[in-house]
Amino acid sequence: MTWLVALIPVAALLFMLAALRWSAWVATLVGSLITVALGLWVWRMPVGDGIRAYAYGSATGVWNVDWITFWGVMLFNTLVITGTFDKLRRWLVSQGTQDVRVQTILFAWAFGALLEGLVGFGYPWAFVAPILIALGIPDLDAIRVAAIANNAPVSYGALGAPIIALAAVTGYPLLALSGSISKVVAVLALLPPWILLYLVSGKRGMWGAWPLAVVGSLGYIAGQLPVGLYLGPYLPDVAGAIVCFICVLILLKIWRPAEVLGYGGTPVSGGAAMAEAHAFLAAISRRHGCRSRS
């Protein structure tokens with residue numbers, strides 16, 4: 001019964017956002033008040049402790065949303081202004097990865113897992129979402145893709161901070177806890193790549209690139225699972241992301257999607273790809289010429 005009661009704030013928040021179309025900050029504020037009221041009434045939470053928990057939780061939310069997002073956007077803009085992001089994208093195109101499905105697996109799934117393992121605390125969303133938007137995915141869909149891709153790696157975020165904290169408060173052995181969670185994460189990691197492909201290219205695009213989903217999920221698991229089982233919670237995401245990158249790039253050497261698709265499953269013609277490449281090279285040439293003259 002208490003488990004069902006604990007679902008009330010979540011259900012209320014979704015109802016206010018989806019059905020009533022309230023602003024996010026209003027729905028979140030009302031949902032928080034509902035949570036506090038249930039804590040005081042159902043669980044007999046001490047008022048002082050409840051107020052402190054609410055204040056600390058709010059401060060954590062402000063930190064995650066404002067500070068980390070700010071620096072994530074700053075770092076992405078720095079990559080764009082310096083031309084580093086264009087070089088990375090050009091390299092991806094040269095590897096045959098102009099396809100939005102391949103870019104999604106590499107950026108949202110593999111690179112997002114790497115950022116989650118190294119930094120955590122919402123940083124993958126702040127950094128990956130602008131990259132996806134730059135690749136042509138609409139902003140809200142880019143956030144949705146980044147969120148779903150973060151579903152499995154989040155357990156080992158920030159060099160295993162959640163598991164380290166859980167071991168500290170429960171008294172369970174850290175390595176045993178890490179190994180147990182790594183098995184759950186391995187199961188969870190089987191599904192997100194399929195969902196990501198469906199979100200960016202539809203049902204037809206998903207089935208047309210099914211090897212990407214298989215290799216993406218199994219590559220991450222191959223790196224994550226043994227590290228989580230035998231080495232601890234510090235580097236499973238990092239190892240999983242690196243192995244996933246390697247496996248996907250090897251796959252692209254021996255197999256590529258029969259049709260290059262853009263966002264929404266729209267075919268990308270060779271002419272369009274060549275025009276984009278020429279435009280990119282022309283921009284680089286102009287930039288180089290300006291620097292030479294200066």
# chains A, B, ... in the order shown; residues from 1 in each chain; ligands from 1
>>> select_by_dssp(residues="segment 12-196 of chain A", states="helix (DSSP H, G or I)", output="JSON, numbers by chain")
{"A": [12, 13, 14, 15, 16, 17, 18, 19, 24, 25, 26, 27, 28, 29, 30, 31, 32, 33, 34, 35, 36, 37, 38, 39, 40, 41, 47, 48, 49, 50, 51, 52, 53, 54, 55, 56, 57, 58, 59, 60, 61, 62, 63, 64, 65, 66, 67, 68, 69, 70, 71, 72, 73, 74, 75, 76, 77, 78, 79, 80, 81, 84, 85, 86, 87, 88, 89, 90, 91, 92, 93, 94, 100, 101, 102, 103, 104, 105, 106, 107, 108, 109, 110, 111, 112, 113, 114, 115, 116, 117, 118, 123, 124, 125, 126, 127, 128, 129, 130, 131, 132, 133, 134, 139, 140, 141, 142, 143, 144, 145, 146, 147, 148, 149, 153, 154, 155, 156, 157, 158, 159, 160, 161, 162, 163, 164, 165, 166, 167, 168, 169, 170, 174, 175, 176, 177, 178, 179, 180, 181, 182, 183, 184, 185, 186, 187, 188, 192, 193, 194, 195, 196]}
>>> residues_around(residues="Val215 of chain A", least_positions_apart="5", cutoff="8 Å", atoms="only C-alpha atoms", output="ChimeraX atom specification")
/A:244,247-248,251
>>> residues_around(residues="segment 44-54 of chain A", least_positions_apart="6", cutoff="10 Å", atoms="only C-alpha atoms", output="PDB file with N, CA and C atoms, in the first residue's frame")
ATOM      1  N   SER A  32       5.759  18.545  -5.721  1.00  0.00           N
ATOM      2  CA  SER A  32       6.615  18.545  -4.535  1.00  0.00           C
ATOM      3  C   SER A  32       5.788  18.741  -3.269  1.00  0.00           C
ATOM      4  N   LEU A  33       4.812  19.640  -3.321  1.00  0.00           N
ATOM      5  CA  LEU A  33       3.948  19.859  -2.155  1.00  0.00           C
ATOM      6  C   LEU A  33       3.137  18.608  -1.833  1.00  0.00           C
ATOM      7  N   THR A  35       4.131  15.568  -2.418  1.00  0.00           N
ATOM      8  CA  THR A  35       5.096  14.631  -1.836  1.00  0.00           C
ATOM      9  C   THR A  35       5.330  14.925  -0.359  1.00  0.00           C
ATOM     10  N   VAL A  36       5.510  16.202  -0.029  1.00  0.00           N
ATOM     11  CA  VAL A  36       5.732  16.584   1.370  1.00  0.00           C
ATOM     12  C   VAL A  36       4.503  16.250   2.215  1.00  0.00           C
ATOM     13  N   ALA A  37       3.300  16.539   1.686  1.00  0.00           N
ATOM     14  CA  ALA A  37       2.073  16.258   2.434  1.00  0.00           C
ATOM     15  C   ALA A  37       1.921  14.768   2.707  1.00  0.00           C
ATOM     16  N   LEU A  38       2.214  13.941   1.702  1.00  0.00           N
ATOM     17  CA  LEU A  38       2.124  12.488   1.898  1.00  0.00           C
ATOM     18  C   LEU A  38       3.176  12.003   2.896  1.00  0.00           C
ATOM     19  N   THR A  60      19.976  20.774  -4.894  1.00  0.00           N
ATOM     20  CA  THR A  60      20.584  19.811  -5.819  1.00  0.00           C
ATOM     21  C   THR A  60      20.000  19.960  -7.219  1.00  0.00           C
TER      22      THR A  60
END
>>> closest_residue(among="A:Ile242, A:Leu118, A:Ile137, A:Ala209", to="Glu259 of chain A", atoms="only C-alpha atoms")
A:Ala209
>>> residues_around(residues="Val227 of chain A", least_positions_apart="5", cutoff="7 Å", atoms="only C-alpha atoms", output="mmCIF file with C-alpha atoms, in the first residue's frame")
data_model
loop_
_atom_site.group_PDB
_atom_site.id
_atom_site.type_symbol
_atom_site.label_atom_id
_atom_site.label_comp_id
_atom_site.auth_asym_id
_atom_site.auth_seq_id
_atom_site.Cartn_x
_atom_site.Cartn_y
_atom_site.Cartn_z
ATOM 1 C CA GLY A 232 33.919 -2.601 -8.944
ATOM 2 C CA LEU A 235 34.599 2.247 -14.553
ATOM 3 C CA PRO A 236 31.810 0.001 -15.941
#
>>> closest_residue(among="A:Tyr234, A:Trp207, A:Tyr198, A:Trp255", to="Glu116 of chain A", atoms="only C-alpha atoms")
A:Tyr234
>>> atom_distance(atom1="atom CA of Ile148 of chain A", atom2="atom CA of Ala113 of chain A")
11.2 Å
>>> closest_atom_pairs(of="segment 30-111 of chain A", to="segment 139-142 of chain A", cutoff="12 Å", atoms="only C-alpha atoms", output="JSON lines")
{"residue": "A:Val100", "atom": "CA", "partner": "A:Ala142", "partner_atom": "CA", "distance": 11.8}
{"residue": "A:Thr104", "atom": "CA", "partner": "A:Ala142", "partner_atom": "CA", "distance": 9.6}
{"residue": "A:Phe107", "atom": "CA", "partner": "A:Ala142", "partner_atom": "CA", "distance": 11.2}
{"residue": "A:Ala108", "atom": "CA", "partner": "A:Ala142", "partner_atom": "CA", "distance": 9.0}
>>> closest_residue(among="A:Gly179, A:Leu106, A:Ala149, A:Gly264", to="Ile163 of chain A", atoms="only C-alpha atoms")
A:Gly179
>>> residues_around(residues="Val145 of chain A", least_positions_apart="2", cutoff="12 Å", atoms="only C-alpha atoms", output="ChimeraX atom specification")
/A:101,103-105,107-109,112,124-125,128-133,137-143,147-151,192-201
>>> residues_around(residues="Val185 of chain A", least_positions_apart="3", cutoff="12 Å", atoms="only C-alpha atoms", output="mmCIF file with C-alpha atoms, in the first residue's frame")
data_model
loop_
_atom_site.group_PDB
_atom_site.id
_atom_site.type_symbol
_atom_site.label_atom_id
_atom_site.label_comp_id
_atom_site.auth_asym_id
_atom_site.auth_seq_id
_atom_site.Cartn_x
_atom_site.Cartn_y
_atom_site.Cartn_z
ATOM 1 C CA ASN A 150 20.926 7.451 -20.286
ATOM 2 C CA ASN A 151 18.567 4.852 -18.793
ATOM 3 C CA ALA A 152 21.074 2.025 -18.331
ATOM 4 C CA PRO A 153 24.389 3.876 -17.765
ATOM 5 C CA VAL A 154 22.957 6.096 -15.006
ATOM 6 C CA SER A 155 23.449 3.357 -12.392
ATOM 7 C CA TYR A 156 27.222 3.814 -12.610
ATOM 8 C CA SER A 178 28.407 -3.611 -7.970
ATOM 9 C CA GLY A 179 28.283 -7.112 -9.453
ATOM 10 C CA SER A 180 24.612 -7.540 -8.629
ATOM 11 C CA ILE A 181 23.674 -4.204 -10.153
ATOM 12 C CA SER A 182 25.813 -4.849 -13.229
ATOM 13 C CA LEU A 188 18.293 -3.064 -19.092
ATOM 14 C CA ALA A 189 20.873 -2.278 -21.781
ATOM 15 C CA LEU A 190 19.311 -4.715 -24.261
ATOM 16 C CA LEU A 191 16.335 -2.494 -25.091
ATOM 17 C CA PRO A 192 17.336 1.228 -25.335
ATOM 18 C CA SER A 217 23.687 -3.108 -26.751
ATOM 19 C CA LEU A 218 25.950 -6.168 -26.658
ATOM 20 C CA TYR A 220 28.171 -1.918 -24.063
ATOM 21 C CA ILE A 221 27.325 -5.019 -22.025
ATOM 22 C CA ALA A 222 30.606 -6.709 -23.017
ATOM 23 C CA GLY A 223 32.545 -3.814 -21.495
ATOM 24 C CA GLN A 224 30.267 -3.014 -18.580
ATOM 25 C CA LEU A 225 29.438 -6.435 -17.157
ATOM 26 C CA PRO A 226 32.912 -7.906 -16.438
ATOM 27 C CA GLY A 228 31.186 -4.261 -12.744
ATOM 28 C CA LEU A 229 31.477 -7.894 -11.625
ATOM 29 C CA PRO A 233 31.591 0.313 -9.721
ATOM 30 C CA PRO A 236 31.810 0.001 -15.941
ATOM 31 C CA ASP A 237 30.261 2.826 -17.978
ATOM 32 C CA GLY A 240 31.165 -0.227 -21.824
#
>>> closest_residue(among="A:Ala239, A:Leu174, A:Leu114, A:Ala18", to="Gly157 of chain A", atoms="only C-alpha atoms")
A:Leu114
>>> closest_residue(among="A:Gly171, A:Gly122, A:Gly216, A:Gly208", to="Asp99 of chain A", atoms="only C-alpha atoms")
A:Gly208
>>> closest_residue(among="A:Leu261, A:Ala241, A:Ala19, A:Ile8", to="Gly117 of chain A", atoms="only C-alpha atoms")
A:Ala241
>>> decode(residues="segment 51-145 of chain A", atoms="C-alpha atoms", output="compact mmCIF listing (two decimals), in the first residue's frame")
# COMPACT_ATOMS: atom_id res chain seq x y z
CA ILE A 51 11.88 20.88 5.37
CA ARG A 52 15.64 20.29 5.32
CA ALA A 53 15.28 17.42 2.81
CA TYR A 54 13.10 19.64 0.61
CA ALA A 55 15.64 22.47 0.76
CA TYR A 56 18.62 20.20 0.03
CA GLY A 57 16.76 18.47 -2.81
CA SER A 58 15.83 21.82 -4.35
CA ALA A 59 19.42 23.01 -4.13
CA THR A 60 20.58 19.81 -5.82
CA GLY A 61 18.04 20.35 -8.60
CA VAL A 62 19.21 23.93 -9.14
CA TRP A 63 22.81 22.69 -9.26
CA ASN A 64 22.02 19.99 -11.83
CA VAL A 65 19.78 22.08 -14.06
CA ASP A 66 21.61 25.40 -13.99
CA TRP A 67 25.30 24.89 -13.24
CA ILE A 68 25.96 21.58 -15.02
CA THR A 69 23.72 22.46 -17.98
CA PHE A 70 25.46 25.82 -18.31
CA TRP A 71 28.90 24.25 -18.56
CA GLY A 72 27.63 21.51 -20.83
CA VAL A 73 26.32 24.09 -23.30
CA MET A 74 29.50 26.16 -22.89
CA LEU A 75 31.69 23.18 -23.76
CA PHE A 76 29.55 22.28 -26.77
CA ASN A 77 29.60 25.86 -28.07
CA THR A 78 33.37 25.92 -27.63
CA LEU A 79 33.68 22.80 -29.77
CA VAL A 80 31.49 24.41 -32.45
CA ILE A 81 33.27 27.79 -32.48
CA THR A 82 36.74 26.23 -32.64
CA GLY A 83 35.68 23.88 -35.45
CA THR A 84 36.35 20.74 -33.43
CA PHE A 85 32.78 19.53 -33.69
CA ASP A 86 32.80 20.03 -37.46
CA LYS A 87 35.97 17.95 -37.71
CA LEU A 88 34.37 15.20 -35.65
CA ARG A 89 31.25 15.21 -37.78
CA ARG A 90 33.34 15.20 -40.96
CA TRP A 91 35.23 12.17 -39.64
CA LEU A 92 31.93 10.42 -38.90
CA VAL A 93 30.69 11.12 -42.43
CA SER A 94 33.93 9.70 -43.83
CA GLN A 95 33.25 6.54 -41.82
CA GLY A 96 29.89 6.21 -43.53
CA THR A 97 27.94 7.49 -40.57
CA GLN A 98 25.89 10.32 -41.99
CA ASP A 99 22.94 8.07 -41.20
CA VAL A 100 21.04 9.51 -38.21
CA ARG A 101 20.67 6.02 -36.75
CA VAL A 102 24.42 5.48 -36.59
CA GLN A 103 24.99 8.97 -35.20
CA THR A 104 22.37 8.35 -32.53
CA ILE A 105 23.99 5.10 -31.39
CA LEU A 106 27.46 6.67 -31.35
CA PHE A 107 26.55 9.98 -29.71
CA ALA A 108 23.47 9.34 -27.56
CA TRP A 109 24.20 5.73 -26.55
CA ALA A 110 27.99 5.24 -26.50
CA PHE A 111 29.22 8.80 -25.94
CA GLY A 112 26.39 9.49 -23.49
CA ALA A 113 27.42 6.42 -21.46
CA LEU A 114 31.01 7.68 -21.42
CA LEU A 115 29.95 11.09 -20.09
CA GLU A 116 27.65 9.47 -17.54
CA GLY A 117 30.43 7.26 -16.26
CA LEU A 118 32.94 10.11 -16.02
CA VAL A 119 30.78 13.03 -14.86
CA GLY A 120 27.16 12.03 -14.24
CA PHE A 121 24.73 14.40 -12.51
CA GLY A 122 22.78 15.25 -15.67
CA TYR A 123 25.83 16.18 -17.72
CA PRO A 124 25.13 13.68 -20.57
CA TRP A 125 21.78 15.37 -21.19
CA ALA A 126 23.36 18.82 -21.16
CA PHE A 127 26.07 17.85 -23.62
CA VAL A 128 24.49 15.16 -25.84
CA ALA A 129 21.18 16.93 -26.51
CA PRO A 130 22.81 19.95 -28.27
CA ILE A 131 24.87 17.54 -30.38
CA LEU A 132 21.71 15.71 -31.46
CA ILE A 133 20.01 19.03 -32.23
CA ALA A 134 23.01 20.01 -34.38
CA LEU A 135 22.59 16.73 -36.25
CA GLY A 136 19.03 17.69 -37.23
CA ILE A 137 16.93 16.14 -34.46
CA PRO A 138 14.25 18.53 -33.07
CA ASP A 139 15.00 19.87 -29.61
CA LEU A 140 12.34 18.02 -27.58
CA ASP A 141 13.03 14.77 -29.43
CA ALA A 142 16.75 15.24 -28.83
CA ILE A 143 16.12 15.56 -25.09
CA ARG A 144 13.92 12.45 -25.21
CA VAL A 145 16.59 10.48 -27.05
